[in-house]
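Engineer: Structure incoming, see below.
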Amino acid sequence: MLQINDVHAGYGSLKILRGINMQVPAGEIVTLLGGNGTGKSTLLKAVSGLLPLMEGEVLFDGVDISKMKPHRRMRLGLVQVTQAKEAYPAMTVEENLVLGAYTRRDRAGTLADLEWVYEFFPVLRERRKQLSGTLSGGEVQMLVIGRGLMAKPKMLMLDEPSAALAPKVVLEIFANINRIAKTGVTVLVVEQNVRMALILAQYGYIIRDGVIMIEGEAKKLISDPAVKDSFLGGSVANTSRALRN
Amino acid sequence: MQIANKFFAGVVAAGIGFTAAAAFADDIRVGITMRMVSENGQAYGQMMMDEIKGINEAGGIHGKMIKATLMNDECKSDKGVANANKMVFQEKVHLLIGSSCSSVTLPIVDVTAKAGVPQLVPHSTNSKITQKGSEWIFRVPVSGRYYGGVNAKYVGENIGTKIAYICAADAASVGDCANMEKQMKARFGVEPAYRADVQEKEVDFRSHMQKIKSMNVDGILVAALAETMARALVQSYEAGIGEEVRRIGSSSASNAPVPKIAGDAAKGVFFTAAYAAADQRPIAKLFNEMVKSRYGIHAPDHDFSQAYDLVRIMEIALKNTKFTGSLADDRTAIRDAIANVNGYQGLASGPISFCAAATPQCRDGNRTAVLIGYTKGGENFETEVLARVTMEEDFGLE
Amino acid sequence: MGFDYNSLLAFIIFGVTIGVVYGIVALGISLIYSGLDIVHFAHGEMYMFGAFFGLVLAHNVGIPYPIALIGAMIMTAILGMVVERVFYRRLTRAGGGYTVAGMGMIICGFGMSVALVNVAYFIWGAEAEPFRANLDYIPRLTFPGDIKVPESYVLTAIISVALMAALHYFLRHTKTGLAVRAVAHNKDIAYLMGINVPLMISLIFGLACGLAAAAGVLIGPMQSVQVEMGYLMLMKAFAAAVVGGFGSLPGAIIGGIMVGVFENLGAAYISPSHKDIYAFLLLILVLMFKPSGLLGVEAKVKA
């Protein structure tokens with residue numbers, strides 16, 4: 001579905017990404033892992049079009065979108081869910097969700113999807129007239145994911161959905177991402193929470209200093225001593241069981 | 001709206017007619033700086049140049065050609081002084097003509113006094129211009145001190161003494177207001193019923209008009225430059241002050257933009273000026289026709305008549321000058337020749353005379369003001385002459 | 001002589017009628033600021049061009065005043081969009097990069113102001129033009145105390161309020177309005193929502209300039225139309241926008257009315273000679289006690 005070939009990108013003379021190659025097959029959950037300042041967010045911006053590429057190409061559904069404006073990429077079905085803090089705090093929950101469906105022309109479908117998102121995240125229905133600035137961290141995260149769903153995406157890219165959330169809330173969010181993937185949406189999760197992300201995903205990439213250091217099937221990465229040494233700890237099995245239920 | 005005219009701003013060097021080919025060293029150099037931002041301004045600037053061209057084509061001054069330079073000061077004193085300096089010191093003119101706005105003329109008086117260049121004032125009315133003691137200054141228009149007297153006399157005797165004053169901050173209007181106030185006090189012993197000092201380009205007079213309305217005054221003096229005055233007039237009617245309250249204009253009221261912009265609100269406004277387009281003398285009728293056919297101006301105001309009179313006075317003086325070839329001597333000789341002009345009868349409502357002393361009595365050449373009323377506003381405005389008054393030569397002086 | 005409450009009331013009424021006009025110009029300045037992060041110094045000239053467009057449409061073309069008003073708004077909106085697209089946007093990164101333009105943008109705004117004034121000089125000359133609107137069918141309102149408010153002021157107030165209401169409805173209750181607000185808050189996220197950000201920036205600019213034009217056409221019959229009219233209006237509207245809280249749309253309107261009333265009262269009871277100072281006196285007073293303006297947020301949240 002998404003193919004990233006030898007992408008270089010950065011800001012001005014500062015090059016952050018130095019030849020990234022990645023693939024996200026249709027219907028799968030893929031995760032991109034890395035610490036702060038490793039180039040995760042830069043890669044997301046390059047893929048969504050907020051940052052122009054210096055070199056390389058990005059293909060979506062076989063179409064070269066490297067030169068496309070961000071709103072055009074979004075209209076193809078490649079939707080980025082922003083970080084939770086980037087909801088529009090001065091707009092109500094419902095306005096935020098409607099904004100997610102900005103590109104859609106089918107009113108009936110949009111309304112149906114609004115209902116669907118409310119069923120997915122019942123708390124959002126309760127808070128629909130509230131300004132999104134007044135929501136809790138977990139609720140805002142649900143809101144931005146819901147907003148992404150309103151666009152009827154083929155592929156959803158999530159930017160650190162676990163950031164600054166309590167472990168219990170993170171679990172809930174990840175369970176929901178799993179549910180979304182089951183409806184046929186391809187998912188790319190960018191994360192620092194390596195353990196959770198690898199349990200959720202089928203395939204994983206680990207980025208450091210703007211290059212992919214390690215890649216492989218998620219199951220193998222969890223048990224890969226190189227990854228384990230640097231990122232993992234604690235009991236994988238317990239979390240795994242909780243997620244699958 | 002005449003786009004072609006806009007190219008004309010800036011310097012129009014006029015080596016006119018056959019003098020263009022040969023700018024002889026013994027040309028008589030004349031510098032002119034005036035406010036030429038409006039259609040009228042450009043027209044009377046052009047008229048002066050055309051009249052000078054006419055003198056040259058008729059043989060010049062004893063065979064000498066007049067080489068005139070026309071500059072635009074936009075009624076801005078810094079530009080006016082820069083123009084004057086350029087013409088006095090670089091172009092070494094024999095005679096300087098300027099300017100239209102009093103606030104521009106006042107500082108130029110110092111330039112010509114210092115350099116020793118005779119200066120003829122075409123339009124400015126501020127009394128102080130001739131009170132600086134310069135030997136080089138000559139005023140063709142009627143001084144503000146006479147206007148104040150004529151206005152006050154007419155107002156007090158025919159309208160009433162309870163007058164509201166609206167005074168804008170430009171030099172001419174400040175002077176007009178002060179003169180009127182002084183004369184009303186001297187003649188009738190009254191102070192202004194209301195007095196508002198507003199900015200030169202004030203746009204909103206509504207609170208003043210509201211106050212004035214509640215006072216039941218006999219008349220309102222609106223002392224301001226043309227566009228500002230027009231706005232005030234319009235807003236006075238908007239505030240509901242009826243036409244039984246007479247509107248008195250300052251010296252700028254004669255400018256065509258006043259009736260054009262004010263429209264119906266100009267009707268009934270009266271003011272003093274040096275020339276009335278409604279003047280029935282043959283010379284005035286001929287002049288009106290000439291200005292209309294040549295420059296497309298409907299009913300020339302006294303800015304036109306004064307510009308025209310000034311060229312005629314200059315012609316007389318230059319013809320009486322004995323040129324020696326020394327710039328300083330020639331300038332002095334021209335000054336003395338202007339001072340000898342006596343009883344010139346032109347378009348102005350009275351004779352114009354100068355004399356040698358550097359006093360306002362000698363240098364305010366025109367002492368006859370005419371009271372003019374607008375009988376119709378708009379593009380094709382109409383005026384009538386209400387009265388003609390000649391004042392004593394030391395009237396209004398301390 | 002006792003205190004005259006009727007004239008106090010009159011000053012307040014007149015202050016409000018001029019204040020709402022400051023308000024709609026300030027609204028445009030605030031809209032551009034909150035939308036594009038630029039302080040638009042050439043906005044006074046948009047007001048001036050609007051007034052001239054209205055004048056040309058009403059007098060030279062001869063169409064009725066209300067339609068001339070709408071025509072002038074559209075023409076000025078287009079002018080504003082062209083200016084933004086051709087000049088301002090080049091100073092920034094392609095699309096939504098206004099945040100980084102900084103000082104260059106301010107200088108460019110001033111330059112544009114001077115350039116537009118000169119273009120207007122060239123077209124219309126320096127003379128003030130009378131703008132006569134036939135408004136006989138508008139009632140003359142009589143307030144308590146026999147204060148008569150002329151038709152043109154009534155019309156001005158009604159249209160200004162209607163425009164504000166229309167803008168409010170557009171921003172709050174339409175999908176495009178929602179997109180405008182999204183762009184105003186954060187262009188990157190707006191892009192991710194699939195919003196055509198460059199188009200919305202043009203729309204914001206067009207709206208703001210259209211509002212300025214409306215103010216010009218409304219003020220025209222009162223003050224006549226002149227090339228240099230923009231500067232003073234910019235100063236007043238600027239004061240209004242800051243008093244109300246820069247970037248706050250309701251603040252712009254409240255600020256405008258406050259500036260209008262304050263300067264009328266100052267002119268009436270302190271000194272009429274320095275009328276234009278009062279707007280800034282009010283500005284300083286408000287900033288001393290509430291640095292972000294009356295309805296302003298402490299700092300704009302930026303991504």
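Residue names in the structure tokens use chain letters A, B, ... in the order shown, residue numbers from 1 in each chain, and ligand numbers from 1 in the order shown.
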Select all residues from chain C having any atom no more than 9 Å from an atom of chain B (counting only C-alpha atoms, ignoring ligands), output as a ChimeraX atom specification.

Structural biologist: /C:7,10-11,14-15,121-132,147-152,222-224,264-265,267-268,271-276

Engineer: Could you take the residues named above and write them with N, CA and C atoms, as a short mmCIF file (atom, residue, chain, number, x, y, z; two decimals), in the first residue's frame?

Structural biologist:
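Writing the result to result_11.cif gives the following:
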```cif
data_model
loop_
_atom_site.label_atom_id
_atom_site.label_comp_id
_atom_site.auth_asym_id
_atom_site.auth_seq_id
_atom_site.Cartn_x
_atom_site.Cartn_y
_atom_site.Cartn_z
N SER C 7 -26.61 65.56 25.33
CA SER C 7 -25.46 65.59 24.44
C SER C 7 -24.51 64.44 24.76
N ALA C 10 -25.83 61.73 22.83
CA ALA C 10 -25.54 61.94 21.41
C ALA C 10 -24.10 61.54 21.09
N PHE C 11 -23.18 61.94 21.94
CA PHE C 11 -21.77 61.59 21.68
C PHE C 11 -21.57 60.09 21.67
N PHE C 14 -23.10 58.65 18.40
CA PHE C 14 -22.22 58.89 17.26
C PHE C 14 -20.95 58.06 17.37
N GLY C 15 -20.47 57.92 18.59
CA GLY C 15 -19.28 57.09 18.79
C GLY C 15 -19.51 55.67 18.36
N TYR C 121 -3.34 57.44 -6.50
CA TYR C 121 -3.06 58.81 -6.96
C TYR C 121 -3.11 58.87 -8.47
N PHE C 122 -2.47 57.87 -9.07
CA PHE C 122 -2.36 57.85 -10.52
C PHE C 122 -3.73 57.71 -11.16
N ILE C 123 -4.57 56.90 -10.58
CA ILE C 123 -5.88 56.65 -11.19
C ILE C 123 -6.86 57.79 -10.88
N TRP C 124 -6.92 58.19 -9.60
CA TRP C 124 -8.00 59.08 -9.18
C TRP C 124 -7.55 60.48 -8.81
N GLY C 125 -6.24 60.71 -8.71
CA GLY C 125 -5.77 62.04 -8.33
C GLY C 125 -5.92 62.30 -6.85
N ALA C 126 -5.41 63.46 -6.42
CA ALA C 126 -5.34 63.74 -4.99
C ALA C 126 -6.60 64.39 -4.45
N GLU C 127 -7.43 64.88 -5.32
CA GLU C 127 -8.60 65.61 -4.84
C GLU C 127 -9.60 64.69 -4.16
N ALA C 128 -10.20 65.19 -3.11
CA ALA C 128 -11.26 64.43 -2.48
C ALA C 128 -12.46 64.39 -3.42
N GLU C 129 -13.13 63.27 -3.45
CA GLU C 129 -14.30 63.14 -4.31
C GLU C 129 -15.55 63.02 -3.43
N PRO C 130 -16.57 63.78 -3.76
CA PRO C 130 -17.81 63.62 -2.98
C PRO C 130 -18.47 62.30 -3.34
N PHE C 131 -19.05 61.65 -2.37
CA PHE C 131 -19.73 60.38 -2.58
C PHE C 131 -21.16 60.59 -2.12
N ARG C 132 -22.04 60.84 -3.06
CA ARG C 132 -23.42 61.10 -2.67
C ARG C 132 -24.25 59.84 -2.85
N ILE C 147 -32.47 63.50 19.79
CA ILE C 147 -31.21 63.30 19.07
C ILE C 147 -31.55 62.62 17.76
N LYS C 148 -31.33 63.35 16.69
CA LYS C 148 -31.64 62.78 15.38
C LYS C 148 -30.37 62.18 14.79
N VAL C 149 -30.46 60.93 14.40
CA VAL C 149 -29.30 60.30 13.79
C VAL C 149 -29.57 60.16 12.30
N PRO C 150 -28.72 60.75 11.47
CA PRO C 150 -28.99 60.77 10.04
C PRO C 150 -28.99 59.37 9.43
N GLU C 151 -29.67 59.31 8.31
CA GLU C 151 -29.88 58.03 7.65
C GLU C 151 -28.58 57.28 7.36
N SER C 152 -27.57 58.03 6.89
CA SER C 152 -26.36 57.32 6.49
C SER C 152 -25.69 56.66 7.69
N MET C 222 -20.10 60.07 4.25
CA MET C 222 -19.90 60.92 5.42
C MET C 222 -18.68 61.81 5.28
N GLN C 223 -17.61 61.25 4.77
CA GLN C 223 -16.33 61.96 4.86
C GLN C 223 -15.71 62.26 3.51
N SER C 224 -16.39 61.95 2.43
CA SER C 224 -15.86 62.03 1.07
C SER C 224 -14.66 61.09 0.92
N ASN C 264 -14.93 60.13 20.78
CA ASN C 264 -15.96 61.15 20.72
C ASN C 264 -16.13 61.85 22.06
N LEU C 265 -16.07 61.07 23.13
CA LEU C 265 -16.19 61.67 24.46
C LEU C 265 -14.96 62.53 24.76
N ALA C 267 -13.11 64.07 22.60
CA ALA C 267 -13.21 65.29 21.80
C ALA C 267 -14.22 66.25 22.41
N ALA C 268 -15.28 65.70 22.99
CA ALA C 268 -16.34 66.55 23.52
C ALA C 268 -15.96 67.16 24.86
N SER C 271 -10.61 67.79 24.77
CA SER C 271 -10.21 68.77 23.77
C SER C 271 -10.42 68.18 22.39
N PRO C 272 -11.12 68.89 21.51
CA PRO C 272 -11.39 68.33 20.20
C PRO C 272 -10.17 68.39 19.28
N SER C 273 -9.15 69.15 19.67
CA SER C 273 -8.02 69.34 18.76
C SER C 273 -7.17 68.09 18.61
N HIS C 274 -7.26 67.21 19.58
CA HIS C 274 -6.35 66.06 19.55
C HIS C 274 -7.15 64.78 19.50
N LYS C 275 -8.16 64.77 18.66
CA LYS C 275 -9.09 63.68 18.66
C LYS C 275 -8.44 62.33 18.40
N ASP C 276 -7.43 62.34 17.52
CA ASP C 276 -6.85 61.06 17.15
C ASP C 276 -5.97 60.47 18.25
#
```

Engineer: Would you list the contacts of Phe205 of chain C as a list in words, taking every protein, DNA or RNA residue within 7 Å and counting only C-alpha atoms, but skipping same-chain residues closer than 2 positions in sequence?

Structural biologist: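 Using only C-alpha atoms, the neighbours found are Ile32, Gly80, Met81, Ile201, Ser202, Leu203, Leu207, Ala208 and Cys209 of chain C.
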
Engineer: Apply DSSP to the backbone of this structure and, from segment 4-240 of chain A, keep only the residues in strand (DSSP E or B); write these as number ranges by chain.

Structural biologist: A: 4-11, 14-24, 29-33, 55-60, 63-64, 78-81, 92, 131, 155-159, 186-191, 203-208, 211-217

Engineer: Have a look at atom CA of Met142 of chain A and atom CA of Val185 of chain A and let me know their distance in Å, one decimal.

Structural biologist: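 Calculated distance between atom CA of Met142 of chain A and atom CA of Val185 of chain A is 16.5 Å.
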
Engineer: Within 9 Å of segment 105-120 of chain C, which residues of segment 37-71 of chain C show up? Give each one with its shortest atom-to-atom distance in Å (one decimal) and the two atoms involved, counting only C-alpha atoms, rows by chain then rising residue number, as a tab-separated table.

Structural biologist:
```
residue	atom	partner	partner_atom	distance
C:Ile38	CA	C:Met105	CA	7.0
C:Val39	CA	C:Ile106	CA	6.8
C:His40	CA	C:Gly109	CA	5.8
C:Phe41	CA	C:Gly109	CA	4.8
C:Ala42	CA	C:Ser113	CA	4.2
C:His43	CA	C:Ser113	CA	7.7
C:Gly44	CA	C:Ser113	CA	7.7
C:Glu45	CA	C:Ser113	CA	6.1
C:Met46	CA	C:Leu116	CA	8.5
C:Met48	CA	C:Val117	CA	8.6
C:Phe49	CA	C:Ala120	CA	7.5
C:Phe52	CA	C:Ala120	CA	8.8
```

Engineer: From a backbone DSSP assignment, name each residue in segment 92-209 of chain B labelled alpha helix (DSSP H), as a PyMOL selection string.

Structural biologist: chain B and resi 102-115+144-158+171-188+206-209

Engineer: For the selection you just gave me, I'd like the residues written to a file as a compact mmCIF listing (two decimals), in the first residue's frame, keeping C-alpha atoms.

Structural biologist:
```
# COMPACT_ATOMS: atom_id res chain seq x y z
CA SER B 102 0.31 79.85 3.91
CA SER B 103 2.15 77.12 5.79
CA VAL B 104 4.46 76.76 2.78
CA THR B 105 4.85 80.45 2.05
CA LEU B 106 5.80 81.35 5.63
CA PRO B 107 9.13 79.46 5.68
CA ILE B 108 9.93 80.47 2.09
CA VAL B 109 9.80 84.12 3.18
CA ASP B 110 12.94 83.43 5.21
CA VAL B 111 14.68 81.79 2.24
CA THR B 112 14.12 84.74 -0.07
CA ALA B 113 14.90 87.29 2.64
CA LYS B 114 18.25 85.65 3.34
CA ALA B 115 19.18 85.20 -0.32
CA GLY B 144 -6.20 87.51 6.33
CA ARG B 145 -6.34 90.56 8.59
CA TYR B 146 -8.62 92.31 6.09
CA TYR B 147 -10.72 89.21 5.59
CA GLY B 148 -11.30 88.96 9.30
CA GLY B 149 -12.49 92.55 9.42
CA VAL B 150 -14.81 92.23 6.44
CA ASN B 151 -16.24 88.94 7.71
CA ALA B 152 -16.77 90.28 11.22
CA LYS B 153 -18.43 93.48 10.05
CA TYR B 154 -20.82 91.68 7.74
CA VAL B 155 -21.62 88.89 10.18
CA GLY B 156 -22.18 91.18 13.14
CA GLU B 157 -24.36 93.59 11.21
CA ASN B 158 -26.38 91.15 9.13
CA ALA B 171 -1.78 78.09 8.88
CA ALA B 172 -4.39 79.89 6.76
CA SER B 173 -7.34 78.70 8.80
CA VAL B 174 -5.67 79.36 12.14
CA GLY B 175 -5.06 82.91 10.95
CA ASP B 176 -8.59 83.32 9.58
CA CYS B 177 -10.09 82.13 12.85
CA ALA B 178 -7.89 84.37 14.98
CA ASN B 179 -8.62 87.42 12.82
CA MET B 180 -12.35 86.88 12.86
CA GLU B 181 -12.34 86.30 16.61
CA LYS B 182 -10.27 89.44 17.18
CA GLN B 183 -12.50 91.57 15.00
CA MET B 184 -15.72 90.28 16.52
CA LYS B 185 -14.35 91.20 19.92
CA ALA B 186 -13.10 94.60 18.81
CA ARG B 187 -16.25 95.55 16.92
CA PHE B 188 -19.03 93.91 18.90
CA ARG B 206 -20.29 65.21 14.31
CA SER B 207 -19.79 65.70 18.02
CA HIS B 208 -19.06 69.40 17.48
CA MET B 209 -22.10 69.82 15.32
```

Engineer: Do me a favour and pick out the residues of chain C within 9 Å of chain A, using only C-alpha atoms, as a PyMOL selection string.

Structural biologist: chain C and resi 175-176+178-179+181-182+185-186+188-197+303

Engineer: Would you work out the distance separating atom CA of Ile316 of chain B from atom CA of Thr272 of chain B, expressed in Å to one decimal?

Structural biologist: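 Separation of atom CA of Ile316 of chain B and atom CA of Thr272 of chain B: 27.2 Å.
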
Engineer: Determine, counting only C-alpha atoms, which protein, DNA and RNA residues have an atom within 9 Å of an atom of Ile177 of chain A; residues of the same chain fewer than 4 positions away are not included. Present the result as a list in words.

Structural biologist: Ile145, Glu172, Ile173, Ala181, Lys182, Val187 and Leu200 of chain A

Engineer: Suppose you want the space between atom CA of Thr183 of chain A and atom CA of Thr31 of chain A; what is it in Å?

Structural biologist: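 For atom CA of Thr183 of chain A relative to atom CA of Thr31 of chain A, the distance reads 18.0 Å.
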
Engineer: Find the residues near Leu53 of chain A: any atom within 9 Å, counting only C-alpha atoms, skip ones fewer than 6 places away on the same chain, and give them as a PDB file with C-alpha atoms, in the first residue's frame.

Structural biologist:
```
ATOM      1  CA  VAL A   7      13.865   9.044   1.119  1.00  0.00           C
ATOM      2  CA  HIS A   8      16.081  11.925   2.213  1.00  0.00           C
ATOM      3  CA  ALA A   9      14.495  14.905   3.941  1.00  0.00           C
ATOM      4  CA  GLY A  10      15.199  17.608   6.487  1.00  0.00           C
ATOM      5  CA  ALA A  46       7.621  13.645   4.500  1.00  0.00           C
ATOM      6  CA  VAL A  47       5.038  10.966   3.806  1.00  0.00           C
ATOM      7  CA  SER A  66       6.243  12.593  -3.821  1.00  0.00           C
ATOM      8  CA  LYS A  67       5.339  15.966  -5.289  1.00  0.00           C
TER       9      LYS A  67
END
```

Engineer: Which polymer residues have any atom within 8 Å of an atom of Leu283 of chain C, counting only C-alpha atoms, with same-chain residues fewer than 5 positions away left out, as a list in words?

Structural biologist: Ala239, Ala240, Val242 and Val243 of chain C

Engineer: Please, could you write that set of residues out with C-alpha atoms as a PDB file, in the first residue's frame?

Structural biologist:
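Heads up, here's the output in part-v5.pdb:
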```pdb
ATOM      1  CA  ALA C 239      -6.074  50.478  17.996  1.00  0.00           C
ATOM      2  CA  ALA C 240      -9.487  48.817  17.992  1.00  0.00           C
ATOM      3  CA  VAL C 242      -5.408  45.720  19.982  1.00  0.00           C
ATOM      4  CA  VAL C 243      -7.872  47.092  22.536  1.00  0.00           C
TER       5      VAL C 243
END
```

Engineer: With only C-alpha atoms as the basis for distance, which of C:Met288, C:Ala213, C:Val261, C:Leu155 is at the shortest distance from Leu79 of chain C?

Structural biologist: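 For Leu79 of chain C, the nearest of the given residues is C:Ala213.
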
Engineer: For segment 296-313 of chain B, list every protein, DNA or RNA residue within 7 Å, evaluated using only C-alpha atoms, and leave out those in the same chain fewer than 2 positions away; present the list as an MDAnalysis selection string.

Structural biologist: chainID B and resid 44 48 122:123 140:141 254:256 273:277 288 291:294 315:317 346:348 380

Engineer: Write out as a PDB file with C-alpha atoms, in the first residue's frame the residues lying within 7 Å of Thr368 of chain B, counting only C-alpha atoms and excluding same-chain residues fewer than 2 positions away.

Structural biologist:
```
ATOM      1  CA  VAL B 142      -5.938  90.022   0.294  1.00  0.00           C
ATOM      2  CA  ALA B 274     -10.327  88.725  -3.761  1.00  0.00           C
ATOM      3  CA  SER B 349     -11.919  93.333  -6.683  1.00  0.00           C
ATOM      4  CA  GLY B 350      -9.816  96.403  -5.884  1.00  0.00           C
ATOM      5  CA  ASN B 366      -4.779  94.293  -2.126  1.00  0.00           C
ATOM      6  CA  VAL B 370     -15.522  90.916  -1.864  1.00  0.00           C
ATOM      7  CA  VAL B 389     -15.343  96.325   1.145  1.00  0.00           C
ATOM      8  CA  THR B 390     -12.024  98.199   1.125  1.00  0.00           C
ATOM      9  CA  MET B 391     -10.154  98.349   4.409  1.00  0.00           C
TER      10      MET B 391
END
```
